[in-house]
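**Q** What follows is start21.txt, compact mmCIF, C-alpha atoms.
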```
# COMPACT_ATOMS: atom_id res chain seq x y z
CA MET I 1 53.97 -144.17 22.50
CA ALA I 2 55.25 -146.93 24.80
CA LEU I 3 54.70 -150.61 24.08
CA VAL I 4 53.38 -152.41 27.13
CA GLY I 5 52.60 -156.04 27.86
CA ASN I 6 53.71 -159.09 29.77
CA ILE I 7 56.36 -161.59 28.67
CA ARG I 8 54.00 -164.37 29.72
CA ASP I 9 51.90 -163.47 26.66
CA PHE I 10 54.51 -162.01 24.34
CA SER I 11 57.76 -163.74 25.13
CA LEU I 12 61.08 -162.01 25.57
CA SER I 13 62.53 -163.76 22.52
CA ASP I 14 59.53 -162.57 20.50
CA PHE I 15 60.11 -159.06 21.75
CA LEU I 16 63.83 -159.20 20.95
CA SER I 17 62.91 -160.40 17.50
CA LEU I 18 60.55 -157.44 17.09
CA VAL I 19 63.30 -155.03 18.13
CA ASP I 20 65.75 -156.69 15.76
CA ARG I 21 63.46 -156.70 12.72
CA GLY I 22 62.06 -153.25 13.46
CA TYR I 23 65.51 -151.67 14.02
CA LYS I 24 64.12 -150.21 17.20
CA THR I 25 65.91 -147.68 19.35
CA GLY I 26 64.83 -147.31 22.95
CA ALA I 27 64.76 -148.89 26.39
CA LEU I 28 62.92 -152.05 27.43
CA HIS I 29 61.94 -151.95 31.10
CA LEU I 30 61.10 -155.30 32.67
CA SER I 31 59.86 -156.10 36.15
CA TYR I 32 58.97 -159.36 37.87
CA ASN I 33 58.20 -159.48 41.59
CA ASP I 34 61.03 -157.45 43.14
CA GLN I 35 63.39 -157.86 40.20
CA MET I 36 64.00 -155.37 37.42
CA ALA I 37 65.92 -155.14 34.22
CA ARG I 38 66.54 -152.48 31.63
CA LEU I 39 67.79 -153.15 28.12
CA TYR I 40 68.87 -150.36 25.80
CA PHE I 41 68.79 -150.82 22.05
CA GLU I 42 70.12 -148.81 19.15
CA LYS I 43 68.72 -149.63 15.71
CA GLY I 44 67.82 -153.15 16.75
CA LYS I 45 71.08 -153.96 18.49
CA LEU I 46 71.74 -154.19 22.19
CA LEU I 47 73.84 -151.51 23.86
CA LEU I 48 73.47 -152.41 27.50
CA ALA I 49 71.54 -154.77 29.78
CA ALA I 50 71.17 -153.79 33.41
CA ARG I 51 69.74 -156.10 36.06
CA ARG I 52 70.15 -153.42 38.71
CA PRO I 53 70.61 -149.64 38.55
CA GLU I 54 74.35 -149.93 39.35
CA ASP I 55 74.89 -151.79 36.07
CA GLU I 56 74.26 -148.51 34.26
CA LYS I 57 77.05 -146.72 36.15
CA PRO I 58 80.72 -146.46 35.17
CA GLU I 59 81.69 -148.42 38.31
CA LEU I 60 80.45 -151.57 36.57
CA LEU I 61 83.80 -151.57 34.76
CA VAL I 62 85.59 -151.85 38.12
CA ARG I 63 83.38 -154.75 39.14
CA LEU I 64 84.14 -156.47 35.86
CA GLY I 65 87.88 -155.98 36.40
CA VAL I 66 88.32 -153.83 33.30
CA LEU I 67 89.48 -150.67 35.09
CA ASN I 68 90.40 -149.57 38.58
CA ALA I 69 88.54 -146.87 40.47
CA ASP I 70 91.11 -144.16 39.62
CA GLN I 71 90.84 -144.87 35.92
CA VAL I 72 87.06 -144.69 36.09
CA ALA I 73 87.25 -141.36 37.94
CA GLN I 74 89.69 -140.02 35.33
CA ALA I 75 87.43 -141.09 32.47
CA CYS I 76 84.40 -139.51 34.13
CA ARG I 77 86.27 -136.23 34.55
CA LEU I 78 87.25 -136.22 30.90
CA LEU I 79 83.69 -137.02 29.89
CA ALA I 80 82.41 -134.09 31.93
CA GLU I 81 85.00 -131.77 30.38
CA ARG I 82 84.54 -132.86 26.78
CA GLY I 83 80.88 -133.85 26.84
CA ASN I 84 79.55 -132.91 23.47
CA GLY I 85 77.72 -136.13 22.64
CA LEU I 86 80.65 -138.38 23.58
CA THR I 87 80.10 -141.56 25.56
CA LEU I 88 82.20 -142.99 28.36
CA SER I 89 83.25 -145.88 26.13
CA GLN I 90 84.53 -143.51 23.46
CA ILE I 91 86.57 -141.61 26.05
CA LEU I 92 88.03 -144.84 27.42
CA ILE I 93 89.12 -146.03 24.00
CA ASP I 94 90.36 -142.63 22.76
CA THR I 95 92.53 -142.13 25.83
CA GLY I 96 93.85 -145.68 25.68
CA LEU I 97 92.63 -146.55 29.16
CA VAL I 98 91.32 -149.77 27.70
CA SER I 99 91.30 -151.30 24.23
CA ALA I 100 88.07 -151.49 22.29
CA ASP I 101 88.40 -155.28 22.13
CA ARG I 102 88.83 -155.71 25.88
CA LEU I 103 85.90 -153.38 26.61
CA GLN I 104 83.72 -155.11 24.05
CA GLN I 105 84.56 -158.56 25.38
CA ALA I 106 83.85 -157.67 29.01
CA LEU I 107 80.62 -155.80 28.36
CA MET I 108 79.34 -158.31 25.86
CA SER I 109 79.83 -161.16 28.28
CA HIS I 110 78.16 -159.21 31.09
CA THR I 111 75.27 -158.18 28.85
CA GLU I 112 74.67 -161.70 27.56
CA GLN I 113 74.63 -163.18 31.03
CA SER I 114 72.23 -160.47 32.17
CA VAL I 115 69.82 -161.25 29.34
CA TYR I 116 70.07 -165.03 29.72
CA GLY I 117 68.87 -164.70 33.29
CA LEU I 118 65.76 -162.94 32.07
CA PHE I 119 64.67 -165.95 30.02
CA ALA I 120 64.05 -167.78 33.28
CA TRP I 121 61.32 -165.35 34.24
CA PRO I 122 57.96 -167.04 33.79
CA GLU I 123 56.29 -163.66 33.48
CA GLY I 124 56.99 -159.98 33.94
CA ASP I 125 55.60 -156.67 32.83
CA PHE I 126 57.43 -154.93 30.04
CA LEU I 127 57.38 -151.40 28.77
CA PHE I 128 59.35 -150.26 25.77
CA GLU I 129 60.10 -146.54 25.61
CA HIS I 130 60.96 -145.49 22.09
CA ASN I 131 64.15 -143.48 21.71
CA GLN I 132 65.05 -143.57 25.41
CA ARG I 133 68.83 -143.69 25.52
CA PRO I 134 71.28 -144.56 28.31
CA ALA I 135 73.12 -141.80 30.17
CA PRO I 136 76.41 -140.68 28.55
CA ASP I 137 78.43 -142.21 31.41
CA ALA I 138 76.77 -145.63 31.05
CA PRO I 139 79.23 -148.42 30.18
CA LEU I 140 78.17 -149.29 26.64
CA ALA I 141 79.62 -151.96 24.41
CA PRO I 142 81.66 -150.08 21.76
CA THR I 143 79.99 -152.16 19.04
CA PRO I 144 76.28 -152.73 19.66
CA ILE I 145 75.53 -156.41 20.18
CA SER I 146 73.59 -158.40 17.62
CA ILE I 147 70.68 -160.09 19.35
CA ASP I 148 70.21 -163.09 17.05
CA HIS I 149 72.04 -165.48 19.30
CA LEU I 150 70.30 -164.08 22.36
CA ILE I 151 67.02 -165.00 20.68
CA MET I 152 68.34 -168.51 20.04
CA GLU I 153 69.35 -168.82 23.68
CA GLY I 154 65.87 -167.77 24.75
CA VAL I 155 64.36 -170.35 22.47
CA ARG I 156 66.61 -173.09 23.90
CA ARG I 157 64.92 -172.56 27.21
CA ILE I 158 61.45 -173.14 25.89
CA ASP I 159 60.16 -176.45 27.14
CA GLU I 160 56.53 -176.17 26.16
CA TRP I 161 55.04 -177.40 22.93
CA GLU I 162 52.22 -174.91 23.03
CA ARG I 163 54.37 -171.90 22.30
CA ILE I 164 56.21 -173.67 19.52
CA ARG I 165 52.98 -174.96 18.00
CA ASP I 166 51.74 -171.41 17.61
CA ARG I 167 54.29 -170.95 14.87
CA ILE I 168 54.83 -174.52 13.81
CA PRO I 169 51.38 -176.07 13.70
CA SER I 170 52.48 -179.20 11.82
CA THR I 171 55.61 -181.23 11.19
CA ASP I 172 54.48 -181.61 7.56
CA LEU I 173 55.75 -178.10 6.89
CA VAL I 174 58.97 -177.51 4.97
CA PRO I 175 61.53 -175.03 6.37
CA ARG I 176 63.14 -172.86 3.72
CA PHE I 177 65.80 -170.16 4.06
CA LEU I 178 64.63 -166.68 3.24
CA ALA I 179 68.01 -165.69 1.82
CA PRO I 180 71.51 -167.12 1.98
CA PRO I 181 71.89 -167.39 5.76
CA GLY I 182 75.57 -166.42 5.85
CA GLU I 183 75.16 -162.90 7.23
CA LYS I 184 72.69 -163.87 9.94
CA LEU I 185 74.87 -166.76 11.03
CA LYS I 186 77.90 -164.62 11.73
CA GLY I 187 76.81 -163.54 15.17
CA MET I 188 75.10 -166.77 16.07
CA ARG I 189 76.37 -169.67 18.12
CA LEU I 190 74.52 -172.88 17.48
CA ALA I 191 74.39 -175.98 19.64
CA PRO I 192 75.36 -179.31 17.98
CA ASP I 193 71.74 -180.42 17.60
CA GLU I 194 70.86 -177.08 16.04
CA TRP I 195 73.68 -177.53 13.54
CA LYS I 196 72.31 -180.95 12.68
CA VAL I 197 68.92 -179.43 11.91
CA PHE I 198 70.44 -176.46 10.15
CA ALA I 199 72.48 -178.67 7.86
CA ARG I 200 69.40 -180.65 6.86
CA ILE I 201 67.31 -177.69 5.79
CA ASN I 202 67.11 -177.88 2.03
CA GLY I 203 63.71 -176.42 1.17
CA ARG I 204 62.35 -179.88 0.31
CA ASP I 205 62.32 -181.98 3.48
CA THR I 206 59.54 -181.58 5.99
CA LEU I 207 60.22 -181.16 9.68
CA ALA I 208 59.16 -184.76 10.25
CA GLU I 209 61.66 -185.93 7.63
CA ILE I 210 64.41 -183.82 9.19
CA ALA I 211 63.64 -185.41 12.56
CA GLN I 212 63.89 -188.83 10.99
CA LYS I 213 67.17 -188.09 9.22
CA THR I 214 68.85 -186.48 12.23
CA GLY I 215 67.55 -188.93 14.79
CA LEU I 216 66.26 -186.04 16.87
CA SER I 217 62.78 -185.85 18.36
CA ASP I 218 60.07 -183.79 16.66
CA PHE I 219 60.20 -181.42 19.62
CA ASP I 220 63.95 -180.83 19.34
CA VAL I 221 63.72 -180.22 15.60
CA CYS I 222 60.76 -177.87 15.99
CA ARG I 223 62.47 -175.99 18.81
CA ALA I 224 65.58 -175.42 16.71
CA VAL I 225 63.48 -174.34 13.73
CA TYR I 226 61.42 -172.09 15.99
CA GLY I 227 64.68 -170.37 16.90
CA PHE I 228 65.66 -169.90 13.25
CA LEU I 229 62.18 -168.58 12.53
CA THR I 230 62.27 -166.16 15.43
CA ALA I 231 65.68 -164.95 14.31
CA GLY I 232 64.15 -164.25 10.90
CA MET I 233 66.31 -166.73 9.00
CA LEU I 234 63.69 -168.92 7.42
CA GLU I 235 60.06 -169.46 6.64
CA LEU I 236 57.82 -172.49 6.67
CA VAL I 237 55.98 -173.47 3.55
CA LYS I 238 53.59 -176.21 2.71
CA ARG I 239 55.02 -178.77 0.39
CA GLN I 240 53.98 -177.48 -3.01
CA ARG I 241 50.73 -176.40 -1.45
CA VAL I 242 49.37 -179.92 -1.64
CA LEU I 243 47.42 -181.03 1.36
CA ALA I 244 48.31 -184.17 3.21
CA ALA I 245 44.98 -185.70 2.29
CA GLY I 246 45.67 -185.06 -1.39
CA MET I 247 43.12 -182.28 -1.60
CA PRO I 248 43.94 -179.41 -3.93
CA PRO I 249 44.22 -175.97 -2.34
CA VAL I 250 40.97 -174.04 -2.18
CA GLU I 251 40.75 -171.60 -5.06
CA GLN I 252 39.20 -168.26 -4.32
CA PRO I 253 36.38 -167.36 -6.71
CA ARG I 254 37.56 -164.85 -9.32
CA LEU I 255 35.32 -161.83 -9.28
CA LYS I 256 34.50 -159.38 -11.99
CA LYS I 257 36.20 -156.04 -11.49
CA SER I 258 32.93 -154.28 -12.23
CA LEU I 259 31.24 -156.01 -9.30
CA VAL I 260 34.05 -155.07 -6.93
CA ASN I 261 33.89 -151.49 -8.18
CA ARG I 262 30.19 -151.35 -7.39
CA ILE I 263 30.85 -152.42 -3.82
CA ILE I 264 33.67 -149.90 -3.50
CA ASN I 265 31.46 -147.07 -4.72
CA ARG I 266 28.71 -148.05 -2.34
CA ILE I 267 31.01 -148.17 0.69
CA ARG I 268 32.55 -144.83 -0.28
CA SER I 269 29.12 -143.24 -0.41
CA MET I 270 28.07 -144.43 3.03
CA MET Y 1 19.67 -161.21 -5.99
CA GLN Y 2 23.40 -161.81 -5.71
CA THR Y 3 25.00 -161.87 -2.30
CA VAL Y 4 28.68 -161.61 -1.53
CA LYS Y 5 30.28 -162.23 1.81
CA MET Y 6 33.07 -160.77 3.88
CA VAL Y 7 34.29 -162.32 7.09
CA ILE Y 8 35.40 -160.35 10.12
CA SER Y 9 37.56 -162.42 12.43
CA GLY Y 10 39.82 -161.93 15.42
CA ALA Y 11 40.40 -163.08 18.96
CA VAL Y 12 37.79 -162.71 21.69
CA ASN Y 13 37.07 -159.06 22.42
CA ALA Y 14 38.96 -157.79 19.37
CA GLY Y 15 35.93 -155.67 18.43
CA LYS Y 16 34.23 -157.78 15.75
CA THR Y 17 30.66 -157.08 16.86
CA GLU Y 18 31.35 -153.37 17.15
CA PHE Y 19 32.98 -153.31 13.72
CA ILE Y 20 29.93 -154.86 12.04
CA LYS Y 21 27.47 -152.77 14.06
CA THR Y 22 29.19 -149.59 12.97
CA ILE Y 23 28.75 -150.22 9.26
CA SER Y 24 25.76 -152.55 8.95
CA GLU Y 25 22.49 -151.16 7.60
CA ILE Y 26 20.48 -153.56 9.66
CA GLU Y 27 20.69 -154.13 13.35
CA VAL Y 28 23.38 -156.73 13.86
CA VAL Y 29 21.95 -160.15 14.36
CA SER Y 30 23.74 -162.20 16.95
CA THR Y 31 22.75 -165.76 16.26
CA GLU Y 32 22.62 -168.51 18.80
CA ARG Y 33 23.16 -171.95 17.41
CA ARG Y 34 23.58 -175.35 18.87
CA ALA Y 35 27.02 -176.71 18.31
CA THR Y 36 27.18 -179.98 16.49
CA ASP Y 37 30.79 -180.92 16.89
CA ASP Y 38 32.45 -182.77 19.70
CA THR Y 39 31.94 -179.88 22.11
CA ARG Y 40 28.60 -181.62 22.54
CA LEU Y 41 30.46 -184.43 24.21
CA ILE Y 42 31.80 -182.06 26.80
CA LYS Y 43 28.64 -180.11 27.30
CA LYS Y 44 25.22 -181.27 26.29
CA GLU Y 45 24.11 -177.96 24.91
CA THR Y 46 26.34 -175.20 23.84
CA THR Y 47 25.70 -172.10 21.81
CA VAL Y 48 27.62 -170.21 19.20
CA ALA Y 49 27.37 -166.45 19.12
CA MET Y 50 27.88 -165.11 15.64
CA ASP Y 51 27.37 -161.63 14.27
CA PHE Y 52 25.73 -160.87 11.00
CA GLY Y 53 25.42 -157.52 9.24
CA ARG Y 54 24.24 -156.44 5.83
CA ILE Y 55 24.88 -153.66 3.33
CA ALA Y 56 22.72 -153.31 0.22
CA ILE Y 57 24.95 -152.46 -2.72
CA SER Y 58 22.15 -152.16 -5.24
CA ASP Y 59 18.77 -153.73 -5.97
CA ASP Y 60 20.41 -156.92 -7.12
CA LEU Y 61 23.53 -157.09 -4.97
CA VAL Y 62 23.99 -157.40 -1.22
CA LEU Y 63 27.11 -157.57 0.92
CA HIS Y 64 26.90 -159.75 4.01
CA LEU Y 65 29.30 -159.33 6.89
CA PHE Y 66 29.91 -162.29 9.17
CA GLY Y 67 31.73 -162.04 12.45
CA THR Y 68 33.33 -165.31 13.51
CA PRO Y 69 32.85 -166.64 16.99
CA GLY Y 70 36.04 -165.85 18.87
CA GLN Y 71 36.20 -168.83 21.19
CA LYS Y 72 38.61 -171.57 20.18
CA ARG Y 73 36.04 -174.30 20.59
CA PHE Y 74 34.02 -172.90 17.70
CA ASP Y 75 36.79 -173.25 15.13
CA PHE Y 76 34.56 -175.61 13.18
CA MET Y 77 32.33 -172.65 12.30
CA TRP Y 78 35.20 -170.83 10.66
CA GLU Y 79 35.45 -173.37 7.88
CA ILE Y 80 31.78 -172.88 7.07
CA LEU Y 81 32.06 -169.10 7.12
CA ALA Y 82 35.18 -169.12 4.98
CA GLU Y 83 33.45 -170.85 2.08
CA GLY Y 84 33.11 -168.45 -0.82
CA MET Y 85 34.11 -165.37 1.09
CA LEU Y 86 35.22 -162.33 -0.86
CA GLY Y 87 37.81 -161.34 1.67
CA LEU Y 88 38.72 -161.26 5.30
CA VAL Y 89 39.31 -158.58 7.92
CA ILE Y 90 41.42 -159.71 10.87
CA LEU Y 91 40.76 -157.47 13.84
CA VAL Y 92 43.37 -157.16 16.55
CA ASP Y 93 43.01 -155.47 19.90
CA SER Y 94 46.13 -153.31 19.65
CA THR Y 95 46.27 -152.82 23.40
CA ARG Y 96 46.38 -156.52 24.35
CA PRO Y 97 49.57 -158.30 23.27
CA GLU Y 98 48.31 -161.40 25.04
CA THR Y 99 45.93 -161.89 22.10
CA PHE Y 100 48.58 -161.73 19.37
CA ARG Y 101 49.35 -165.45 19.48
CA GLU Y 102 45.68 -166.30 19.06
CA THR Y 103 45.46 -163.78 16.22
CA ASN Y 104 48.32 -165.53 14.46
CA ARG Y 105 46.51 -168.83 14.82
CA ILE Y 106 43.41 -167.31 13.23
CA ILE Y 107 45.37 -165.83 10.34
CA ASP Y 108 47.06 -169.15 9.79
CA PHE Y 109 43.72 -170.96 9.74
CA PHE Y 110 42.13 -168.71 7.16
CA VAL Y 111 45.12 -168.10 4.97
CA SER Y 112 47.06 -171.40 4.93
CA TYR Y 113 45.08 -173.35 2.42
CA ARG Y 114 43.31 -170.55 0.63
CA ASP Y 115 44.58 -167.62 -1.27
CA THR Y 116 42.34 -165.34 0.73
CA PRO Y 117 42.60 -161.57 0.28
CA TYR Y 118 42.87 -160.11 3.76
CA VAL Y 119 43.82 -157.04 5.72
CA ILE Y 120 44.62 -156.61 9.39
CA ALA Y 121 42.84 -153.90 11.34
CA ALA Y 122 44.76 -152.64 14.35
CA ASN Y 123 41.70 -151.88 16.45
CA LYS Y 124 41.32 -149.73 19.57
CA GLN Y 125 43.83 -147.16 18.40
CA ASP Y 126 41.87 -144.64 20.48
CA ARG Y 127 42.76 -146.41 23.73
CA PRO Y 128 45.88 -145.77 25.85
CA ASN Y 129 49.13 -147.40 24.70
CA PRO Y 130 48.04 -149.13 21.52
CA TRP Y 131 50.68 -150.94 19.45
CA SER Y 132 51.03 -149.11 16.17
CA PRO Y 133 50.16 -150.89 12.89
CA GLU Y 134 53.86 -151.21 12.04
CA GLU Y 135 54.63 -152.71 15.43
CA LEU Y 136 51.72 -155.10 15.00
CA ARG Y 137 53.08 -156.13 11.62
CA LEU Y 138 56.33 -157.11 13.31
CA ALA Y 139 54.61 -158.81 16.21
CA LEU Y 140 52.30 -160.78 13.91
CA ARG Y 141 55.13 -161.44 11.46
CA GLN Y 142 53.24 -160.20 8.45
CA PRO Y 143 55.07 -159.51 5.20
CA PRO Y 144 55.26 -155.93 3.90
CA HIS Y 145 52.60 -156.41 1.22
CA ILE Y 146 49.88 -157.22 3.77
CA LYS Y 147 48.02 -154.08 4.81
CA VAL Y 148 47.96 -153.44 8.56
CA LEU Y 149 45.60 -150.53 9.09
CA PRO Y 150 44.82 -148.32 12.06
CA CYS Y 151 41.23 -148.81 13.18
CA THR Y 152 38.68 -147.68 15.71
CA ALA Y 153 35.75 -150.04 15.29
CA THR Y 154 33.28 -147.56 16.76
CA ASP Y 155 34.13 -144.97 14.13
CA ARG Y 156 32.29 -145.33 10.83
CA GLU Y 157 34.95 -143.63 8.71
CA SER Y 158 37.61 -145.87 10.18
CA VAL Y 159 35.58 -149.02 9.48
CA LYS Y 160 34.83 -147.80 5.96
CA ASN Y 161 38.53 -147.28 5.38
CA VAL Y 162 39.35 -150.83 6.44
CA LEU Y 163 36.68 -152.29 4.17
CA LEU Y 164 37.78 -150.13 1.26
CA GLU Y 165 41.41 -151.14 1.69
CA LEU Y 166 40.34 -154.77 1.62
CA LEU Y 167 38.25 -154.13 -1.48
CA TYR Y 168 41.26 -152.57 -3.21
CA VAL Y 169 43.19 -155.78 -2.56
CA ILE Y 170 40.28 -157.79 -3.97
CA GLN Y 171 40.02 -155.40 -6.92
CA GLU Y 172 43.65 -156.02 -7.87
CA ARG Y 173 42.96 -159.73 -8.10
CA SER Y 174 39.66 -159.50 -9.92
CA GLU Y 175 39.28 -160.04 -13.63
CA ASP Y 176 38.16 -157.47 -16.19
```
Have the structure of the file written as structure tokens, please.

**A**
Amino acid sequence: MALVGNIRDFSLSDFLSLVDRGYKTGALHLSYNDQMARLYFEKGKLLLAARRPEDEKPELLVRLGVLNADQVAQACRLLAERGNGLTLSQILIDTGLVSADRLQQALMSHTEQSVYGLFAWPEGDFLFEHNQRPAPDAPLAPTPISIDHLIMEGVRRIDEWERIRDRIPSTDLVPRFLAPPGEKLKGMRLAPDEWKVFARINGRDTLAEIAQKTGLSDFDVCRAVYGFLTAGMLELVKRQRVLAAGMPPVEQPRLKKSLVNRIINRIRSM
Amino acid sequence: MQTVKMVISGAVNAGKTEFIKTISEIEVVSTERRATDDTRLIKKETTVAMDFGRIAISDDLVLHLFGTPGQKRFDFMWEILAEGMLGLVILVDSTRPETFRETNRIIDFFVSYRDTPYVIAANKQDRPNPWSPEELRLALRQPPHIKVLPCTATDRESVKNVLLELLYVIQERSED
């Protein structure tokens, strides 16, 4: 079943986060006015981003200066001969037409730039087709690209409080890492202000206190934290569950099991 | 006579009225009340639509179902409804991702300062292109222990299942 929606309502960085956390495989089709884009994912990582149909063809490698036309033709012939589940990228590397590093570097850069452009779209219909894969001759990055830093880049472009407030309703909240952030950080490139915020996260200081200590505005701190949240690195907690006004948290009434069982039996019998 | 209360919440058009109608033993009462908060300053008279259903458990025990008003301006009613509730069903229209942000706001409101037992019902699973419960869990950023259940609010068995799953959560927390 396809997932459909509009990035006006469910932002692209939110969708990338969903793909990342859900280890999704498939193709995300996006359209806005006369523009299109198609992003292919494998187990939550990005294989290819195409802003036009030609970006899914082997000739992209000529445009990127990785190969010449003869080399592309040779690789395509070999792919047709060998087939058998191989991809163009595998053929290129196996035959030594290009090194894995060079191919990765060129395609990663192209893919990132393609995705960054999408964050400028104010809206656009999306459709995610589960398990749709690119054609075998599509120029895929040899190592699928982690999308954490793409999410961060998307978040950097957010200039509206409203979206951030949805997830960060108050600066009295305390950001706390979910686990040692080392692994997640590997593929991520942070801006200096984001590093400042990152370094101040200690599980005790509130967002307001971090803003005070870093000299950044509440908005800048919240935007950076929104990025870390979206990338699944941390959570926000209330400071020891004590309300600002000094009120204790509301305790739920403890019910007798026998009473709950009576309700369960009644509902079952309906 | 003891009464216990469950609250059914969700964004506008998530299916709250339908959900209560499907299971209630009485015809669902949609109340119209005058708002008493500062919406009065904007509009002299405004009304709050709220759904109310009832299930008799036994001669001395009744379960009340309250549907919250979906519109943002009636948030003040949520606090009142949340008082002493047994548990909460959050309904989501699985076909409208544009309502997911609002749904998150509602969850945050009810769950932040209370240890409320709740489940999420992924409603309208019978419509074209619904987001699956697992996809909704990711979109709503719910942890694995929160139940996200498929639901069709017009189907009695489906509604029963959601209520039962919520009751099992409540049962785990109840005392012997």

**Q** Which of these, I:Arg77, I:Glu235, I:Gln212, I:Val66, has the shortest distance to Pro143 in chain Y once you count all atoms listed in the file?

**A** I:Glu235

**Q** Tell me the residues of chain Y close to chain I, meaning within 8 Å using all atoms listed in the file, as a compact mmCIF listing (two decimals) with C-alpha atoms, keeping the file's coordinate frame.

**A**
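Result file iface_20.txt:
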```txt
# COMPACT_ATOMS: atom_id res chain seq x y z
CA ILE Y 57 24.95 -152.46 -2.72
CA LEU Y 63 27.11 -157.57 0.92
CA GLY Y 84 33.11 -168.45 -0.82
CA MET Y 85 34.11 -165.37 1.09
CA LEU Y 86 35.22 -162.33 -0.86
CA ARG Y 96 46.38 -156.52 24.35
CA PRO Y 97 49.57 -158.30 23.27
CA GLU Y 98 48.31 -161.40 25.04
CA THR Y 99 45.93 -161.89 22.10
CA PHE Y 100 48.58 -161.73 19.37
CA ARG Y 101 49.35 -165.45 19.48
CA ASN Y 104 48.32 -165.53 14.46
CA ARG Y 105 46.51 -168.83 14.82
CA TYR Y 113 45.08 -173.35 2.42
CA ARG Y 114 43.31 -170.55 0.63
CA ASP Y 115 44.58 -167.62 -1.27
CA THR Y 116 42.34 -165.34 0.73
CA ASN Y 129 49.13 -147.40 24.70
CA PRO Y 130 48.04 -149.13 21.52
CA TRP Y 131 50.68 -150.94 19.45
CA GLU Y 135 54.63 -152.71 15.43
CA LEU Y 138 56.33 -157.11 13.31
CA ALA Y 139 54.61 -158.81 16.21
CA LYS Y 160 34.83 -147.80 5.96
CA LEU Y 163 36.68 -152.29 4.17
CA LEU Y 164 37.78 -150.13 1.26
CA LEU Y 167 38.25 -154.13 -1.48
CA ILE Y 170 40.28 -157.79 -3.97
CA GLN Y 171 40.02 -155.40 -6.92
CA ARG Y 173 42.96 -159.73 -8.10
CA SER Y 174 39.66 -159.50 -9.92
CA GLU Y 175 39.28 -160.04 -13.63
CA ASP Y 176 38.16 -157.47 -16.19
```

**Q** Return as AutoDock Vina command-line options the centre and edge lengths, in Å with one decimal, of the box along x, y and z that encloses every atom of range 47-62 of chain Y in the file, padded by 3 Å per side.

**A**
```
--center_x 23.3 --center_y -162.1 --center_z 7.3 --size_x 15.1 --size_y 25.9 --size_z 34.9
```

**Q** Applying 10 Å and only C-alpha atoms, which residues near range 195-199 of chain I remain after dropping the ones on its own chain fewer than 3 positions away? List them as JSON, numbers by chain.

**A** {"I": [175, 177, 189, 190, 191, 192, 202, 207, 210, 211, 213, 214, 215, 216, 220, 221, 222, 224, 225, 228]}

**Q** Just checking: using all atoms listed in the file, which residue out of Y:Glu79, Y:Glu18, Y:Glu27, Y:Asp108 ends up closest to Arg141 in chain Y?

**A**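 Smallest distance to Arg141 in chain Y is found for Y:Asp108.
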
**Q** Taking only C-alpha atoms into account, name the residue in I:Gln105, I:Leu118, I:His130, I:Ala80 that is nearest to Tyr23 in chain I.

**A**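 Closest residue, counting only C-alpha atoms: I:His130.
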
**Q** Just how far from CA of Thr95 in chain Y is CA of Trp161 in chain I, in Å to one decimal?

**A** 26.1 Å

**Q** Just give me the gap between CA of Pro58 in chain I and CA of Gln104 in chain I in Å, one decimal is fine.

**A**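 Between CA of Pro58 in chain I and CA of Gln104 in chain I the gap is 14.4 Å.
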
**Q** Please, what distance in Å, to one decimal, runs between CA of Pro133 in chain Y and CA of Leu149 in chain Y?

**A** 5.9 Å

**Q** Considering all atoms listed in the file, can you say which of I:Leu47, I:Leu107, I:Leu64, I:Leu140 comes closest to Ile91 in chain I?

**A** I:Leu140

**Q** In terms of the shortest atom-to-atom distance over only C-alpha atoms, which of Y:Phe110, Y:Thr22, Y:Glu102, Y:Arg137 is closest to Met77 in chain Y?

**A**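 Result for the nearest residue to Met77 in chain Y: Y:Phe110.
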
**Q** Please determine, counting only C-alpha atoms, which residue among Y:Ala56, Y:Ile90, Y:Ile23, Y:Met1 has the shortest atom-to-atom distance to Asn123 in chain Y.

**A** Y:Ile90

**Q** For Leu30 in chain I, find every residue with an atom within 6 Å (counting all atoms listed in the file), except residues of its own chain fewer than 2 positions away, and show them as a PyMOL selection string.

**A** chain I and resi 36-37+125-126
